[in-house]
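S.K.: Structure: coords.cif, mmCIF, C-alpha atoms.
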data_final
loop_
_atom_site.label_atom_id
_atom_site.label_comp_id
_atom_site.auth_asym_id
_atom_site.auth_seq_id
_atom_site.Cartn_x
_atom_site.Cartn_y
_atom_site.Cartn_z
CA MET Z 1 206.71 133.59 75.47
CA ASN Z 2 207.01 130.01 74.17
CA ASP Z 3 204.14 127.86 72.85
CA HIS Z 4 203.65 126.09 76.20
CA GLY Z 5 203.46 129.44 77.94
CA ASN Z 6 200.88 130.77 75.46
CA GLU Z 7 198.87 127.59 75.78
CA ALA Z 8 198.91 127.84 79.57
CA VAL Z 9 197.77 131.48 79.47
CA THR Z 10 194.96 130.63 77.01
CA ARG Z 11 193.84 127.72 79.18
CA ALA Z 12 193.93 129.90 82.31
CA ARG Z 13 191.82 132.53 80.54
CA GLN Z 14 189.32 129.91 79.36
CA GLU Z 15 189.08 128.49 82.88
CA ALA Z 16 188.56 131.97 84.32
CA ALA Z 17 185.83 132.66 81.75
CA ALA Z 18 184.08 129.36 82.52
CA GLN Z 19 184.35 130.06 86.24
CA GLY Z 20 182.88 133.53 85.75
CA ARG Z 21 180.03 132.09 83.70
CA ALA Z 22 179.18 129.52 86.39
CA GLN Z 23 179.34 132.15 89.14
CA GLY Z 24 177.20 134.55 87.13
CA LEU Z 25 174.57 131.89 86.53
CA GLU Z 26 174.47 130.94 90.19
CA THR Z 27 174.30 134.56 91.35
CA GLY Z 28 171.53 135.42 88.89
CA TRP Z 29 169.30 132.53 89.90
CA THR Z 30 170.07 132.97 93.61
CA VAL Z 31 169.02 136.63 93.39
CA PHE Z 32 165.79 135.61 91.65
CA SER Z 33 165.13 132.97 94.32
CA TYR Z 34 165.74 135.54 97.09
CA LEU Z 35 163.19 137.92 95.59
CA LEU Z 36 160.54 135.19 95.43
CA ALA Z 37 161.45 133.77 98.85
CA GLY Z 38 161.32 137.18 100.58
CA MET Z 39 157.85 137.93 99.21
CA ALA Z 40 156.58 134.42 99.97
CA ALA Z 41 158.02 134.29 103.51
CA TYR Z 42 156.84 137.68 104.74
CA GLY Z 43 153.69 137.61 102.61
CA GLY Z 44 152.88 134.30 104.33
CA ILE Z 45 153.62 135.70 107.78
CA GLY Z 46 151.51 138.79 106.94
CA TRP Z 47 148.68 136.59 105.71
CA LEU Z 48 148.74 134.48 108.89
CA ILE Z 49 148.73 137.54 111.18
CA GLY Z 50 146.13 139.23 108.99
CA ARG Z 51 143.91 136.16 109.26
CA ALA Z 52 144.23 136.19 113.04
CA VAL Z 53 143.51 139.90 113.48
CA HIS Z 54 141.13 140.18 110.48
CA VAL Z 55 143.24 142.73 108.58
CA ALA Z 56 143.54 141.52 104.98
CA LEU Z 57 145.93 144.34 104.12
CA LEU Z 58 148.72 142.68 106.11
CA PHE Z 59 149.23 140.15 103.28
CA PRO Z 60 150.30 142.66 100.58
CA ILE Z 61 152.17 144.72 103.21
CA GLY Z 62 154.06 141.56 104.22
CA MET Z 63 154.93 140.86 100.60
CA LEU Z 64 156.31 144.37 100.14
CA VAL Z 65 158.28 144.14 103.39
CA GLY Z 66 159.66 140.77 102.25
CA LEU Z 67 160.63 142.23 98.90
CA GLY Z 68 162.40 145.10 100.69
CA ILE Z 69 164.27 142.66 102.96
CA SER Z 70 165.30 140.56 99.96
CA ILE Z 71 166.55 143.55 97.99
CA GLY Z 72 168.48 144.85 101.00
CA TYR Z 73 170.06 141.47 101.59
CA ILE Z 74 170.91 141.01 97.91
CA ILE Z 75 172.68 144.38 97.89
CA HIS Z 76 174.48 143.53 101.14
CA ARG Z 77 175.59 140.08 100.00
CA PHE Z 78 176.25 140.38 96.28
CA GLY Z 79 177.12 144.08 96.14
CA ARG Z 80 179.90 143.49 98.65
CA GLN Z 81 181.01 140.33 96.85
CA GLN Z 82 181.29 142.26 93.56
CA ALA Z 83 183.28 145.05 95.23
CA VAL Z 84 185.73 142.52 96.69
CA GLU Z 85 186.03 140.49 93.47
CA ARG Z 86 186.47 143.33 91.00
CA PRO Z 87 190.08 144.33 91.81
CA ARG Z 88 191.14 140.66 91.72
CA LYS Z 89 189.59 140.18 88.27
CA GLU Z 90 191.28 143.33 87.00
CA ILE Z 91 194.66 142.02 88.16
CA ILE Z 92 194.06 138.72 86.37
CA GLY Z 93 193.00 140.64 83.26
CA ASP Z 94 196.26 142.62 83.24
CA ARG Z 95 198.37 139.51 83.10
CA MET C 96 147.59 115.43 70.78
CA THR C 97 144.52 116.82 69.08
CA GLY C 98 146.79 118.13 66.30
CA GLU C 99 146.06 121.53 64.82
CA VAL C 100 148.06 120.62 61.73
CA GLY C 101 145.90 117.55 61.21
CA VAL C 102 142.71 119.58 61.64
CA LEU C 103 143.96 122.14 59.14
CA ALA C 104 145.00 119.55 56.58
CA ASN C 105 141.77 117.56 56.84
CA ASN C 106 139.41 120.49 56.74
CA GLY C 107 141.35 122.66 54.27
CA CYS C 108 141.12 125.43 56.84
CA HIS C 109 142.61 128.66 55.47
CA ILE C 110 142.38 132.34 56.24
CA PHE C 111 140.05 133.32 53.36
CA ASN C 112 137.53 130.47 53.50
CA GLY C 113 135.82 131.59 56.69
CA CYS C 114 137.73 129.28 58.98
CA GLY C 115 139.00 130.75 62.27
CA PHE C 116 142.63 130.25 63.23
CA PRO C 117 142.89 127.02 65.25
CA ALA C 118 145.39 128.49 67.71
CA PRO C 119 147.69 125.95 69.34
CA GLY C 120 147.46 125.94 73.11
CA LEU C 121 147.58 123.53 76.02
CA GLN C 122 145.95 120.88 73.84
CA SER C 123 149.23 120.74 71.88
CA PHE C 124 150.87 119.26 74.99
CA ASN C 125 148.24 116.67 75.83
CA TRP C 126 148.74 113.33 74.17
CA LYS C 127 146.36 110.47 73.73
CA PRO C 128 147.89 107.26 75.12
CA LEU C 129 149.68 105.07 72.59
CA PHE C 130 148.41 102.11 74.60
CA THR C 131 146.91 101.56 78.02
CA VAL C 132 147.61 99.05 80.77
CA GLY C 133 144.64 99.16 83.10
CA SER C 134 144.21 102.82 84.02
CA PHE C 135 147.81 103.67 83.02
CA GLY C 136 148.16 105.34 79.64
CA PHE C 137 151.55 105.18 77.91
CA THR C 138 152.00 108.45 75.98
CA LYS C 139 154.43 109.77 73.37
CA PRO C 140 156.46 111.92 75.87
CA MET C 141 157.03 108.77 77.96
CA LEU C 142 158.28 106.94 74.90
CA LEU C 143 160.57 109.87 74.02
CA ALA C 144 161.99 109.98 77.58
CA ILE C 145 162.83 106.26 77.40
CA LEU C 146 164.30 106.78 73.95
CA ALA C 147 166.46 109.66 75.25
CA ALA C 148 167.77 107.51 78.09
CA LEU C 149 168.53 104.69 75.64
CA VAL C 150 170.36 107.05 73.28
CA VAL C 151 172.62 108.24 76.11
CA ILE C 152 173.25 104.73 77.47
CA VAL C 153 173.92 103.17 74.05
CA PHE C 154 176.13 106.05 72.88
CA PHE C 155 178.46 105.95 75.89
CA TRP C 156 178.33 102.14 76.02
CA VAL C 157 179.45 101.87 72.40
CA ALA C 158 182.01 104.67 72.79
CA PHE C 159 183.75 103.07 75.78
CA TRP C 160 183.02 99.37 75.21
CA LYS C 161 186.63 98.68 74.26
CA PRO C 162 188.57 101.86 75.00
CA LYS C 163 191.87 102.35 73.23
CA LEU C 164 194.82 104.48 74.29
CA VAL C 165 194.56 106.51 71.09
CA PRO C 166 190.83 107.17 70.73
CA ARG C 167 189.13 106.76 67.35
CA GLY C 168 185.60 107.08 66.03
CA MET C 169 182.88 106.90 68.68
CA GLN C 170 185.39 106.84 71.51
CA ASN C 171 186.85 110.10 70.22
CA LEU C 172 183.38 111.68 70.17
CA GLY C 173 182.57 110.32 73.63
CA GLU C 174 185.82 111.67 75.08
CA MET C 175 185.19 115.07 73.51
CA ALA C 176 181.72 115.15 75.04
CA ILE C 177 182.99 114.18 78.49
CA LEU C 178 185.90 116.63 78.38
CA ALA C 179 183.54 119.44 77.34
CA ILE C 180 181.34 118.79 80.39
CA ARG C 181 184.40 118.48 82.64
CA ASP C 182 186.05 121.71 81.46
CA GLN C 183 182.98 123.88 80.91
CA ILE C 184 180.69 122.73 83.72
CA LEU C 185 182.38 120.61 86.39
CA ARG C 186 185.84 122.11 86.89
CA PRO C 187 184.74 125.79 87.02
CA SER C 188 182.41 124.98 89.94
CA LEU C 189 183.92 121.99 91.71
CA GLY C 190 187.58 122.02 90.72
CA ARG C 191 189.68 118.89 90.28
CA LYS C 192 188.42 117.25 93.46
CA GLY C 193 184.91 117.23 92.02
CA ASP C 194 185.85 114.80 89.23
CA SER C 195 183.98 111.97 90.97
CA TYR C 196 180.71 113.75 90.04
CA LEU C 197 181.60 113.73 86.33
CA PRO C 198 179.57 110.59 85.41
CA PHE C 199 176.48 112.06 87.07
CA LEU C 200 176.82 115.45 85.38
CA VAL C 201 177.57 113.91 81.97
CA SER C 202 174.50 111.66 82.21
CA LEU C 203 172.33 114.53 83.41
CA PHE C 204 173.48 116.92 80.68
CA PHE C 205 173.06 114.50 77.78
CA PHE C 206 169.77 113.09 79.04
CA ILE C 207 168.29 116.60 79.26
CA TYR C 208 169.87 117.66 75.96
CA ILE C 209 168.54 114.65 74.04
CA MET C 210 165.08 115.14 75.55
CA ASN C 211 165.17 118.82 74.54
CA VAL C 212 166.51 118.29 71.05
CA MET C 213 163.69 115.87 70.21
CA GLU C 214 161.64 119.02 69.68
CA LEU C 215 163.58 119.65 66.48
CA ILE C 216 163.58 116.15 65.03
CA PRO C 217 160.74 115.47 62.53
CA VAL C 218 158.21 112.83 63.63
CA LEU C 219 159.46 113.00 67.25
CA GLN C 220 159.00 116.81 67.38
CA PHE C 221 158.18 117.18 71.07
CA PRO C 222 160.49 118.35 73.87
CA VAL C 223 159.89 116.00 76.80
CA PRO C 224 160.62 118.66 79.49
CA ALA C 225 157.66 120.67 78.11
CA ARG C 226 155.64 118.30 80.34
CA ILE C 227 156.66 119.42 83.83
CA GLY C 228 156.13 115.95 85.27
CA PHE C 229 159.32 114.85 83.52
CA VAL C 230 161.31 117.73 85.03
CA TRP C 231 160.47 117.25 88.73
CA PRO C 232 162.13 113.83 89.07
CA LEU C 233 165.39 115.34 87.72
CA VAL C 234 165.05 118.25 90.16
CA PHE C 235 164.39 115.86 93.08
CA VAL C 236 167.48 113.80 92.23
CA VAL C 237 169.63 116.95 92.21
CA TYR C 238 167.91 118.35 95.33
CA PHE C 239 168.35 115.23 97.44
CA LEU C 240 171.92 114.82 96.23
CA TYR C 241 173.01 118.30 97.32
CA LEU C 242 171.11 118.03 100.60
CA TYR C 243 172.75 114.68 101.33
CA LEU C 244 176.21 116.00 100.41
CA GLY C 245 175.68 119.14 102.48
CA PHE C 246 174.68 117.21 105.62
CA LYS C 247 177.46 114.69 105.04
CA HIS C 248 180.27 117.21 104.56
CA GLN C 249 179.20 120.04 106.86
CA GLY C 250 176.89 118.39 109.37
CA LEU C 251 173.27 119.36 110.00
CA TRP C 252 173.93 122.56 111.98
CA GLY C 253 177.01 123.53 109.97
CA TYR C 254 175.07 123.30 106.72
CA PHE C 255 172.28 125.57 107.96
CA LYS C 256 174.83 127.97 109.46
CA THR C 257 176.59 128.50 106.12
CA MET C 258 173.37 129.57 104.41
CA ILE C 259 173.77 133.06 105.88
CA PRO C 260 177.26 134.52 105.39
CA PRO C 261 179.18 135.59 108.50
CA GLY C 262 179.23 139.22 109.60
CA VAL C 263 175.44 139.63 109.60
CA PRO C 264 174.16 141.23 112.87
CA ALA C 265 172.05 138.94 115.12
CA PRO C 266 168.66 140.75 114.65
CA ILE C 267 169.12 140.72 110.88
CA TYR C 268 169.95 137.02 111.15
CA ILE C 269 166.51 136.33 112.62
CA ILE C 270 164.83 138.38 109.88
CA LEU C 271 166.72 136.48 107.19
CA VAL C 272 166.06 132.95 108.48
CA PRO C 273 162.57 132.56 106.91
CA VAL C 274 163.81 134.02 103.62
CA GLU C 275 166.85 131.73 103.53
CA LEU C 276 164.91 128.60 104.48
CA LEU C 277 162.25 129.24 101.86
CA ARG C 278 164.83 130.10 99.20
CA PHE C 279 166.90 127.03 99.91
CA PHE C 280 164.18 124.42 100.31
CA ILE C 281 161.49 125.71 97.97
CA PHE C 282 162.57 128.33 95.47
CA GLN C 283 166.03 127.07 94.53
CA PRO C 284 164.70 123.69 93.30
CA PHE C 285 161.53 125.36 92.01
CA THR C 286 163.42 127.80 89.75
CA LEU C 287 165.74 125.01 88.62
CA GLY C 288 162.79 122.98 87.33
CA VAL C 289 160.45 125.71 86.14
CA ARG C 290 163.11 127.39 83.99
CA LEU C 291 163.77 124.22 82.02
CA PHE C 292 160.07 123.47 81.68
CA GLY C 293 159.14 127.08 80.79
CA ASN C 294 161.76 127.45 78.08
CA MET C 295 160.92 124.17 76.38
CA PHE C 296 157.17 124.76 76.70
CA ALA C 297 157.40 128.26 75.23
CA GLY C 298 159.74 127.14 72.44
CA HIS C 299 157.46 124.32 71.38
CA LEU C 300 154.40 126.56 71.51
CA LEU C 301 156.08 129.20 69.33
CA LEU C 302 157.19 126.60 66.80
CA THR C 303 153.68 125.12 66.64
CA ILE C 304 152.02 128.52 66.31
CA PHE C 305 154.19 129.64 63.39
CA THR C 306 154.04 126.28 61.64
CA VAL C 307 150.24 126.11 61.91
CA ALA C 308 149.94 129.78 60.93
CA THR C 309 152.06 129.19 57.80
CA TRP C 310 149.63 126.55 56.58
CA TYR C 311 146.59 128.53 57.70
CA LEU C 312 147.70 131.71 55.90
CA LEU C 313 148.72 129.88 52.72
CA SER C 314 146.53 130.77 49.73
CA LEU C 315 146.95 131.99 46.16
CA SER C 316 146.47 135.62 47.11
CA VAL C 317 148.06 138.12 49.47
CA GLY C 318 147.88 135.33 52.04
CA LEU C 319 150.97 133.88 50.38
CA LEU C 320 152.90 136.89 51.65
CA TYR C 321 151.56 136.40 55.17
CA ALA C 322 152.45 132.70 54.98
CA ALA C 323 155.99 133.57 53.87
CA GLY C 324 156.36 135.87 56.90
CA SER C 325 155.11 133.17 59.24
CA PHE C 326 157.37 130.58 57.59
CA PHE C 327 160.37 132.87 58.05
CA LEU C 328 159.51 133.21 61.77
CA ALA C 329 159.10 129.43 62.09
CA ILE C 330 162.61 128.97 60.65
CA PHE C 331 163.95 131.71 62.95
CA VAL C 332 162.39 130.07 66.05
CA PHE C 333 163.71 126.69 64.90
CA LEU C 334 167.25 128.06 64.69
CA LEU C 335 166.80 129.76 68.05
CA GLU C 336 165.60 126.49 69.57
CA ILE C 337 168.79 124.74 68.41
CA LEU C 338 170.59 127.11 70.78
CA VAL C 339 167.95 126.99 73.54
CA THR C 340 167.92 123.19 73.77
CA LEU C 341 171.68 123.18 74.36
CA LEU C 342 171.62 126.22 76.63
CA GLN C 343 168.91 124.82 78.92
CA ALA C 344 170.77 121.54 79.38
CA PHE C 345 173.94 123.55 80.07
CA ILE C 346 172.25 125.84 82.62
CA PHE C 347 170.57 122.97 84.47
CA THR C 348 173.84 121.03 84.73
CA THR C 349 175.94 124.10 85.62
CA LEU C 350 173.55 125.05 88.42
CA THR C 351 173.59 121.44 89.62
CA ALA C 352 177.39 121.60 89.76
CA THR C 353 177.34 124.87 91.71
CA TYR C 354 174.76 123.50 94.18
CA ILE C 355 176.91 120.40 94.71
CA ALA C 356 179.95 122.66 95.18
CA SER C 357 178.17 124.75 97.83
CA SER C 358 177.19 121.53 99.63
CA VAL C 359 180.61 119.94 99.51
CA GLU C 360 182.29 123.05 100.85
CA PRO C 361 180.72 126.31 102.01
CA ALA C 362 181.06 129.16 99.52
CA HIS C 363 181.75 131.89 102.07
#
Go ahead and render the structure in this file as structure tokens.

M.R.:
Amino acid sequence: MNDHGNEAVTRARQEAAAQGRAQGLETGWTVFSYLLAGMAAYGGIGWLIGRAVHVALLFPIGMLVGLGISIGYIIHRFGRQQAVERPRKEIIGDR
Amino acid sequence: MTGEVGVLANNGCHIFNGCGFPAPGLQSFNWKPLFTVGSFGFTKPMLLAILAALVVIVFFWVAFWKPKLVPRGMQNLGEMAILAIRDQILRPSLGRKGDSYLPFLVSLFFFIYIMNVMELIPVLQFPVPARIGFVWPLVFVVYFLYLYLGFKHQGLWGYFKTMIPPGVPAPIYIILVPVELLRFFIFQPFTLGVRLFGNMFAGHLLLTIFTVATWYLLSLSVGLLYAAGSFFLAIFVFLLEILVTLLQAFIFTTLTATYIASSVEPAH
């Protein structure tokens, strides 16, 4: 392969690495936000219902339910995304 | 700032003369006003924030005042800085069509970086984002920008619709709506701001603790050994902070670019 070809491959690899880094950062912080949001949303709903029916336990139960929903959704969304992306990355790596 | 170092130096406070360790804490982040105008107190972090903005403006002004086809000196440095942001932050998230956001991302990155790096410069030695009040305006600018771009490019309903990826069953959709709304409107900007603040706050606190401890432990006895250990840790944290200041500016700007990208066109 000539110099231009090598340069193009190096640049493509650098771009792919930068893209992966940006995606990884976004995914990481989105996952963290989901965990907090799930607990806050359903903890809040639990707290409101608990306040109405005078059952204080609904607040922590709501938080746990929210955490469960968040984890399930994270697995559904990002687990699937990883499974779809992996073969593509391996192909790029082989080049 | 009440100044633990000042207290130590004035009182000769050391480990073996019955003086307790004046541990740095929140008081290390509270500054007495340099001057007051009515009830408004102008503090050192405010001065540093203005200084950081001036450094960025003057640097790029000087670098591109009279641009030449073959860059030299400051222009060369300025172009390297801009290309680094373009290739490492903007293009990976937004691609070539996102080049119009380059001036914003360059300004944001260098403003945050200069504010952070002031922690490591003697005399200045305070990271401005360690006061969270300086972080929220940056977060609000980013937040309103990506909201505006999202509504502009995808429409009000379209923007909300893309928050949840397609293929999710209708009942699950309803369950996810509160989580998505809270994540998008509260926790996404919250984590963006708190991470920058938390890292700079913790870094400054660690540096202060080990610096104060080095002086406090210093004595012509076994304390010298303790002081050497603390001094080594202060140097280690200082070197670590060189990386952290850059990394935090990079993360903030990269996430900004990805949020803009998801507003300009839906990710899924």

S.K.: Apply the PyMOL selection byres ((chain Z) within 8 of (chain C)) to the structure shown and report the selected residues as a PyMOL selection string.

M.R.: chain Z and resi 15-16+18-19+22-23+25-26+29-30+33-34+36-38+40-42+69-70+77

S.K.: What separation in Å, quoted to one decimal, exists between atom CA of Val165 of chain C and atom CA of Ala179 of chain C?

M.R.: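 If I compute the distance from atom CA of Val165 of chain C to atom CA of Ala179 of chain C, I get 18.1 Å.
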
S.K.: Could you check the closest approach to Leu341 of chain C for each of C:Phe205, C:Trp160, C:Phe124, C:Phe305 and tell me which residue wins, using all atoms listed in the file?

M.R.: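 Counting all atoms listed in the file, the residue closest to Leu341 of chain C is C:Phe205.
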
S.K.: Figure out the distance between atom CA of Ala297 of chain C and atom CA of Met63 of chain Z, please, to one decimal in Å.

M.R.: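 Between atom CA of Met63 of chain Z and atom CA of Ala297 of chain C the gap is 28.4 Å.
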
S.K.: Give me, please, the distance in Å between atom CA of Lys192 of chain C and atom CA of Leu244 of chain C, quoted to one decimal.

M.R.: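 Between atom CA of Lys192 of chain C and atom CA of Leu244 of chain C the gap is 14.1 Å.
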
S.K.: Need to verify the contact set: Phe111 of chain C, 10 Å, only C-alpha atoms, exclusion of same-chain residues closer than 3 positions in sequence. Can you return it as a list in words?

M.R.: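 Selected residues are Cys108, Cys114, Gly115, Tyr311, Leu312, Leu313, Ser314, Ser316 and Gly318 of chain C.
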
S.K.: With distances taken over all atoms listed in the file, which residue among Z:Gly79, Z:Val31, Z:Met39, Z:Gly72 lies nearest Pro60 of chain Z?

M.R.: Z:Met39

S.K.: Let me make sure I understand: among C:Leu178, C:Ile110, C:Ala118, C:Val230, which one has the smallest atom-to-atom distance to Pro140 of chain C if we use all atoms listed in the file?

M.R.: C:Val230
